[in-house]
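Following: one structure in structure tokens, then a few remarks.
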There are 2 protein chains.
Amino acid sequence: MPAGDEQRLAVIDLGSNSFRLVVFTARDGWWKRTDEIYEAVRIGEGLAATGELGEAGMARAQASMEVFAHFCRASGLEADEIDAVATSAIRDATNAREFLDRAEESSGLRVRVLPKEEEARYGYLAAVNSTTLSDGVMLDIGGGSMQLVHVERRLARELDSWPLGAVRVTERFLPDDKPAKAKQLRELRAFVAGALERAPWVRRSGSRIVGIGGTMRNLAAAAQREADIAEFGVQGFVLTRSALDDLVEELADLPPSERGEVPGIKPNRADIILGGALVVQAVMEEGGFEAIDVTEAGLREGVFFERFLRRGNGGEALFDDVRRASVVNLAAQYGMNPDLNPHVAHVGRLALELYDELAAAGLHPGENAERELLWAAAMLHDIGMTVDYDDHHKHSRYLVLNAGLPGFTQREVALIGQAVRYHRKGMPSLGPFDSIAEKGDEDRVNRMSALLRLAEDLERSRDQLVREAHVAIDDGTVRLDLVSDSEARVARWAAGREGDLFERAFGRELEVD
Amino acid sequence: MPAGDEQRLAVIDLGSNSFRLVVFTARDGWWKRTDEIYEAVRIGEGLAATGELGEAGMARAQASMEVFAHFCRASGLEADEIDAVATSAIRDATNAREFLDRAEESSGLRVRVLPKEEEARYGYLAAVNSTTLSDGVMLDIGGGSMQLVHVERRLARELDSWPLGAVRVTERFLPDDKPAKAKQLRELRAFVAGALERAPWVRRSGSRIVGIGGTMRNLAAAAQREADIAEFGVQGFVLTRSALDDLVEELADLPPSERGEVPGIKPNRADIILGGALVVQAVMEEGGFEAIDVTEAGLREGVFFERFLRRGNGGEALFDDVRRASVVNLAAQYGMNPDLNPHVAHVGRLALELYDELAAAGLHPGENAERELLWAAAMLHDIGMTVDYDDHHKHSRYLVLNAGLPGFTQREVALIGQAVRYHRKGMPSLGPFDSIAEKGDEDRVNRMSALLRLAEDLERSRDQLVREAHVAIDDGTVRLDLVSDSEARVARWAAGREGDLFERAFGRELEVD
């Protein structure tokens, strides 16, 4: 996509549980959701019993489609910028065509009813473009259906779909307003296991599974609450089998009407969350998965990615490198696209130069993973300036944590956030993220913050006056040698003030030449 | 300024305590600081003793000016977009011209040495354009000098300046590294009182005083900490005389080197903060002021305002309405300029319509002040969408609190923030702002949140389908009547879900027709 050109796509997702309109905008090297309308339509209500869409659901559905259409017109969206897709409930109901004709007529929207494989494919595109999943399984559980995709080297090898959505299984197996019985739970899981018989690859597709959809997001949020983890969305959250088992137990002991009181469970999802959780549990059991990676992207993002990342020659619509794409996307949203902003790019270069030379000198382990986090922090350190110049280091952290970085784990996002937080002042720490940190993370934050601050000092005049920075070890002291065309007095002066921080991070005195 | 046209101004402030470069950008109906470089140059060091700028200070000053010049070139700023101004230290030092010739030569920057009255005038412009000060005094205390301006009907009646900056009085009255003696404090205050003899208007200029400058900001931050107030900058903070007296006592009991340990006091200001505090105290004493309103704007903003708000016919460079200008400025920064965004404007209109009719029906007091806060919340409710669509109500609050709204008190900003926070979901509350709330504020937040949510529901399709909303009282129930060209089913449906919230706010059932 050429820079400067704005591209918009409104994806209208007519799901079994909810209808949603999402507008994606891509411009100047970034993309994101810029608008959204959500309606808890429940068009799939009653479908399991009758095979038909009910009258009340259809009325709500039609009204919502009219709102979406109004919205699209008010936003100046052209027909080819709107993609309305329908999934399981509308795909399967015997009276769907009749409903669609009426709703299309009144709203003016044209709806694509997605075949099962296509629905699965959009879930796959969402998962592979928002996580580092390369080999394993994509699980997408909606209100009406569940999709599984076998992923190999980031490509979809097998795609399948079952009518095992949260609304559907709830109506069939957990219809009454009481705590669930052990027998009901067993039956539901056995049913799912039976259905998976036709997909033997679930059992031999590796150890990794990525989950998408509203049920997954909500289960992750509840598990986060349970574990008392500093919350910033569920992107990158790892839901373990045992956390899921605990949740299922807790939910099953309550009647559906009280399940919304479990912290993190959304009230308007309370009645179907247990059914969804049991399906996920059964899939994990069948596939032998210990944990499931949660991503916030879903069908709607898949539809967007297909258009946004379309390649010639039938190549798949994939980011080359999801993590890099996430960082550049976020930086570009705040005018810090490293391809266009020489200051940001140069701070990154100087920080990595120093990181590598200090590793070569044996002053730290020099891990590739940490190096990548340092790079990300350098790209993002100034994005908070859009909020307010004062405390922009804190605002940058807020934006990093809240906008999220698909492809990174929550721990990694937290480390980037802390490095960014301490790029100007303060004594680096893990802050509120102690509970998700690994051994050595405090040292990592110390090193990243120190190098980021040093690189910023060297780029104080923002004109790349200091072209290169090198280190030399002298008698146990680290000497910083700067390469510049003219005298870089302030860079040296500023860098000279970072001695304490440097010593804390690398255990050596810093001498600025 | 025509919309779309970008205007930039780099103000370089060569102060006695610090040098600072600030870039202001104005575009599309908003303005803000977009960049800043701060150097704690202390060029005024030693001036009180010798009357001259010292060698070390001049070297640091020149190096900083070179960095600023590099920065301006790297940012593509033209000469007429750079305004470098020098204040007290450089104005008063006997060897200033010599220094300036050298520094201007090496950096290429041309420096305006501000006459006293002009320095005072910039402080006045900053104060009157960032607070609602109409009649009273502007106090600007810097490193070298202190300015006082008598303001009448928003105009500057008298402007004066004294060599009573924080660095200057510290060197003269508090030179040693020990706790201050009572005698020293008395002497300093008596000296200030004596100096104020020539400005008798300080004593009869009304009850209101606004303080600007780094000393003021830092004292406010320390008082905030002491009072354990939820912190979001010091803009609009009211520093009472008794809080200031407590701070002075606490600071005086410590040697200068330990004053940075008082929570909120910046370490690099620790040695001069007591001197500055004593000057403020003396002015308040002389003028009989019980409290001083703190603003974050200062000399640099004054320089910017003079250019940005320049009028024909010699009119003063003032916003017509500071509060309105703040709200529109913040909204416009996030693409929500009500003049350009019909959705935002319409939500505001509907919310105020309902507010007024419910007041007329006697269901709430209908205060002008609350009405203005509701309007502000309506303008700002969606700005958080730029961070992430999910949880954008929380992001909107974050941006409101952290970017600030000059002209509003901290309590008012907090109420706007809470209304914005609850414009989509959740049960409205005062959140973390209990300690600064007034009686009735919980009800205010309930009312504002309920009306904002209702207005949003009515504007769900964002095309102003619901043109007007009216209320009628029927048998103790409030009936909502909507005026629209075509059937507004979803608006009615959505609004119909707000019954609980409405009843909580207005004590009546809501019926949507």
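Chains: A, B, ... in order of the structure tokens. Residues: from 1 per chain. Ligands: from 1, in order shown.
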Could you give me, as a Markdown table, a per-residue list for chain B showing, wherever an atom lies at most 8 Å from an atom of chain A, the closest pair of atoms and their distance in Å to one decimal, using only C-alpha atoms and sorting by chain then residue number from low to high?
| residue | atom | partner | partner_atom | distance |
| --- | --- | --- | --- | --- |
| B:Arg33 | CA | A:Tyr389 | CA | 6.6 |
| B:Thr34 | CA | A:Tyr389 | CA | 6.6 |
| B:Asp35 | CA | A:Tyr389 | CA | 6.7 |
| B:Glu36 | CA | A:Tyr389 | CA | 7.3 |
| B:Ile37 | CA | A:Arg460 | CA | 7.9 |
| B:Ala63 | CA | A:Val490 | CA | 6.0 |
| B:Ser64 | CA | A:Val490 | CA | 6.6 |
| B:Val67 | CA | A:Ser461 | CA | 5.1 |
| B:Phe68 | CA | A:Ser461 | CA | 6.6 |
| B:His70 | CA | A:Ser461 | CA | 5.6 |
| B:Phe71 | CA | A:Ser461 | CA | 4.7 |
| B:Arg73 | CA | A:Asp463 | CA | 7.9 |
| B:Ala74 | CA | A:Asp463 | CA | 5.1 |
| B:Met385 | CA | A:Thr34 | CA | 6.8 |
| B:Thr386 | CA | A:Thr34 | CA | 7.3 |
| B:Val387 | CA | A:Ala403 | CA | 5.9 |
| B:Asp388 | CA | A:Ala403 | CA | 5.4 |
| B:Tyr389 | CA | A:Arg33 | CA | 6.6 |
| B:Leu399 | CA | A:Val387 | CA | 6.5 |
| B:Asn402 | CA | A:Asp388 | CA | 7.0 |
| B:Ala403 | CA | A:Asp388 | CA | 5.4 |
| B:Arg460 | CA | A:Val67 | CA | 7.3 |
| B:Ser461 | CA | A:Phe71 | CA | 4.7 |
| B:Arg462 | CA | A:Phe71 | CA | 5.6 |
| B:Asp463 | CA | A:Ala74 | CA | 5.0 |
| B:Arg489 | CA | A:Ala63 | CA | 6.3 |
| B:Val490 | CA | A:Ala63 | CA | 6.0 |
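Assigned to strand (DSSP E) in stretch 73-164 of chain B, given DSSP computed from backbone atoms, are Ile82, Asp83, Ala84, Val85, Ala86, Val111, Arg112, Val113, Gly136, Val137, Met138, Leu139, Asp140, Ile141, Met146, Gln147, Leu148, Val149, His150, Val151, Glu152, Leu155, Ala156, Arg157, Glu158, Leu159, Asp160, Ser161 and Trp162 of chain B.
You will find atom CA of B:Glu258 at 19.2 Å from atom CA of B:Asn17.
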Applying 8 Å and only C-alpha atoms, which residues near stretch 138-146 of chain B remain after dropping the ones on its own chain fewer than 5 positions away? List them as number ranges by chain. B: 15-18, 44, 87-89, 120, 123-124, 127, 151, 161-168, 209-216, 276, 280, 298
Do a neighbour search on stretch 314-327 of chain A at 8 Å with only C-alpha atoms, toss out local chain neighbours closer than 3 positions, and write the hits as a list of chain:residue names.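 Final neighbour list, sorted by chain and number: A:Leu125, A:Val128, A:Asn129, A:Ser130, A:Thr131, A:Thr132, A:Leu155, A:Phe305, A:Glu306, A:Arg307, A:Phe308, A:Leu309, A:Arg310, A:Arg311, A:Leu330, A:Ala331, A:Ala376, A:Met379, A:Leu380, A:Leu405, A:Pro406, A:Gly407, A:Phe408.
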If you run DSSP on the backbone here, which positions in stretch 95-244 of chain A get helix (DSSP H, G or I)? Please write them as a ChimeraX atom specification. /A:96-107,116-128,166-173,182-198,200-204,214-227,241-244
Tell me, as a PDB file with N, CA and C atoms, in the first residue's frame, which residues lie within 12 Å of A:Val512, counting only C-alpha atoms; anything in the same chain fewer than 4 positions away does not count.
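See part_5.pdb below for the written result:
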ATOM      1  N   LEU A 454      21.191   6.252  27.286  1.00  0.00           N
ATOM      2  CA  LEU A 454      22.477   6.652  26.718  1.00  0.00           C
ATOM      3  C   LEU A 454      22.299   7.025  25.241  1.00  0.00           C
ATOM      4  N   ASP A 457      20.674  10.342  24.963  1.00  0.00           N
ATOM      5  CA  ASP A 457      21.627  11.410  25.276  1.00  0.00           C
ATOM      6  C   ASP A 457      22.487  11.728  24.055  1.00  0.00           C
ATOM      7  N   LEU A 458      22.923  10.676  23.390  1.00  0.00           N
ATOM      8  CA  LEU A 458      23.800  10.882  22.239  1.00  0.00           C
ATOM      9  C   LEU A 458      23.035  11.523  21.084  1.00  0.00           C
ATOM     10  N   ALA A 469      28.748   5.035  18.190  1.00  0.00           N
ATOM     11  CA  ALA A 469      29.247   4.992  19.555  1.00  0.00           C
ATOM     12  C   ALA A 469      29.895   3.633  19.771  1.00  0.00           C
ATOM     13  N   HIS A 470      31.071   3.654  20.341  1.00  0.00           N
ATOM     14  CA  HIS A 470      31.782   2.396  20.589  1.00  0.00           C
ATOM     15  C   HIS A 470      32.234   2.345  22.031  1.00  0.00           C
ATOM     16  N   VAL A 471      32.451   1.121  22.508  1.00  0.00           N
ATOM     17  CA  VAL A 471      32.944   1.000  23.872  1.00  0.00           C
ATOM     18  C   VAL A 471      34.301   0.319  23.875  1.00  0.00           C
ATOM     19  N   ALA A 472      35.108   0.701  24.823  1.00  0.00           N
ATOM     20  CA  ALA A 472      36.400   0.050  25.010  1.00  0.00           C
ATOM     21  C   ALA A 472      36.569  -0.178  26.498  1.00  0.00           C
ATOM     22  N   ILE A 473      37.097  -1.340  26.858  1.00  0.00           N
ATOM     23  CA  ILE A 473      37.278  -1.637  28.272  1.00  0.00           C
ATOM     24  C   ILE A 473      38.704  -1.272  28.664  1.00  0.00           C
ATOM     25  N   ASP A 474      38.800  -0.437  29.680  1.00  0.00           N
ATOM     26  CA  ASP A 474      40.084   0.073  30.131  1.00  0.00           C
ATOM     27  C   ASP A 474      40.182  -0.176  31.616  1.00  0.00           C
ATOM     28  N   THR A 477      37.125  -0.206  33.478  1.00  0.00           N
ATOM     29  CA  THR A 477      36.187   0.885  33.223  1.00  0.00           C
ATOM     30  C   THR A 477      35.741   0.806  31.763  1.00  0.00           C
ATOM     31  N   VAL A 478      34.473   1.152  31.517  1.00  0.00           N
ATOM     32  CA  VAL A 478      34.021   1.167  30.130  1.00  0.00           C
ATOM     33  C   VAL A 478      34.168   2.580  29.587  1.00  0.00           C
ATOM     34  N   ARG A 479      34.899   2.722  28.516  1.00  0.00           N
ATOM     35  CA  ARG A 479      35.062   4.043  27.902  1.00  0.00           C
ATOM     36  C   ARG A 479      34.169   4.140  26.673  1.00  0.00           C
ATOM     37  N   LEU A 480      33.464   5.240  26.579  1.00  0.00           N
ATOM     38  CA  LEU A 480      32.549   5.444  25.454  1.00  0.00           C
ATOM     39  C   LEU A 480      33.244   6.342  24.435  1.00  0.00           C
ATOM     40  N   ASP A 481      33.443   5.821  23.240  1.00  0.00           N
ATOM     41  CA  ASP A 481      34.055   6.622  22.173  1.00  0.00           C
ATOM     42  C   ASP A 481      32.999   7.021  21.154  1.00  0.00           C
ATOM     43  N   LEU A 482      32.938   8.306  20.870  1.00  0.00           N
ATOM     44  CA  LEU A 482      31.902   8.793  19.960  1.00  0.00           C
ATOM     45  C   LEU A 482      32.511   9.209  18.629  1.00  0.00           C
ATOM     46  N   ALA A 488      30.773  16.986  19.797  1.00  0.00           N
ATOM     47  CA  ALA A 488      29.461  16.665  20.367  1.00  0.00           C
ATOM     48  C   ALA A 488      29.505  16.877  21.870  1.00  0.00           C
ATOM     49  N   ARG A 489      29.652  18.144  22.253  1.00  0.00           N
ATOM     50  CA  ARG A 489      29.851  18.446  23.665  1.00  0.00           C
ATOM     51  C   ARG A 489      28.676  18.046  24.545  1.00  0.00           C
ATOM     52  N   VAL A 490      27.485  18.423  24.098  1.00  0.00           N
ATOM     53  CA  VAL A 490      26.333  18.140  24.952  1.00  0.00           C
ATOM     54  C   VAL A 490      26.036  16.653  25.028  1.00  0.00           C
ATOM     55  N   ALA A 491      26.219  15.956  23.910  1.00  0.00           N
ATOM     56  CA  ALA A 491      26.017  14.506  23.933  1.00  0.00           C
ATOM     57  C   ALA A 491      26.928  13.900  24.998  1.00  0.00           C
ATOM     58  N   ARG A 492      28.169  14.325  25.001  1.00  0.00           N
ATOM     59  CA  ARG A 492      29.121  13.782  25.975  1.00  0.00           C
ATOM     60  C   ARG A 492      28.726  14.168  27.391  1.00  0.00           C
ATOM     61  N   TRP A 493      28.359  15.395  27.532  1.00  0.00           N
ATOM     62  CA  TRP A 493      27.978  15.917  28.840  1.00  0.00           C
ATOM     63  C   TRP A 493      26.759  15.147  29.367  1.00  0.00           C
ATOM     64  N   ALA A 494      25.752  14.992  28.488  1.00  0.00           N
ATOM     65  CA  ALA A 494      24.534  14.280  28.897  1.00  0.00           C
ATOM     66  C   ALA A 494      24.844  12.819  29.217  1.00  0.00           C
ATOM     67  N   ALA A 495      25.602  12.176  28.334  1.00  0.00           N
ATOM     68  CA  ALA A 495      25.916  10.756  28.545  1.00  0.00           C
ATOM     69  C   ALA A 495      26.725  10.574  29.819  1.00  0.00           C
ATOM     70  N   GLY A 496      27.543  11.570  30.116  1.00  0.00           N
ATOM     71  CA  GLY A 496      28.377  11.495  31.307  1.00  0.00           C
ATOM     72  C   GLY A 496      27.580  11.418  32.601  1.00  0.00           C
ATOM     73  N   ARG A 497      26.325  11.836  32.538  1.00  0.00           N
ATOM     74  CA  ARG A 497      25.493  11.815  33.739  1.00  0.00           C
ATOM     75  C   ARG A 497      24.856  10.456  34.011  1.00  0.00           C
ATOM     76  N   GLU A 498      25.047   9.507  33.098  1.00  0.00           N
ATOM     77  CA  GLU A 498      24.368   8.214  33.251  1.00  0.00           C
ATOM     78  C   GLU A 498      25.231   7.170  33.949  1.00  0.00           C
ATOM     79  N   GLY A 499      26.324   7.618  34.560  1.00  0.00           N
ATOM     80  CA  GLY A 499      27.250   6.680  35.194  1.00  0.00           C
ATOM     81  C   GLY A 499      26.591   5.718  36.179  1.00  0.00           C
ATOM     82  N   PHE A 502      24.424   3.170  34.464  1.00  0.00           N
ATOM     83  CA  PHE A 502      25.252   2.249  33.694  1.00  0.00           C
ATOM     84  C   PHE A 502      25.910   1.230  34.620  1.00  0.00           C
TER      85      PHE A 502
END
Do you know which residues are at most 8 Å from B:Arg300 counting only C-alpha atoms, after dropping those on the same chain fewer than 6 positions away, and could you put them as a PyMOL selection string? chain B and resi 11-13+22+122
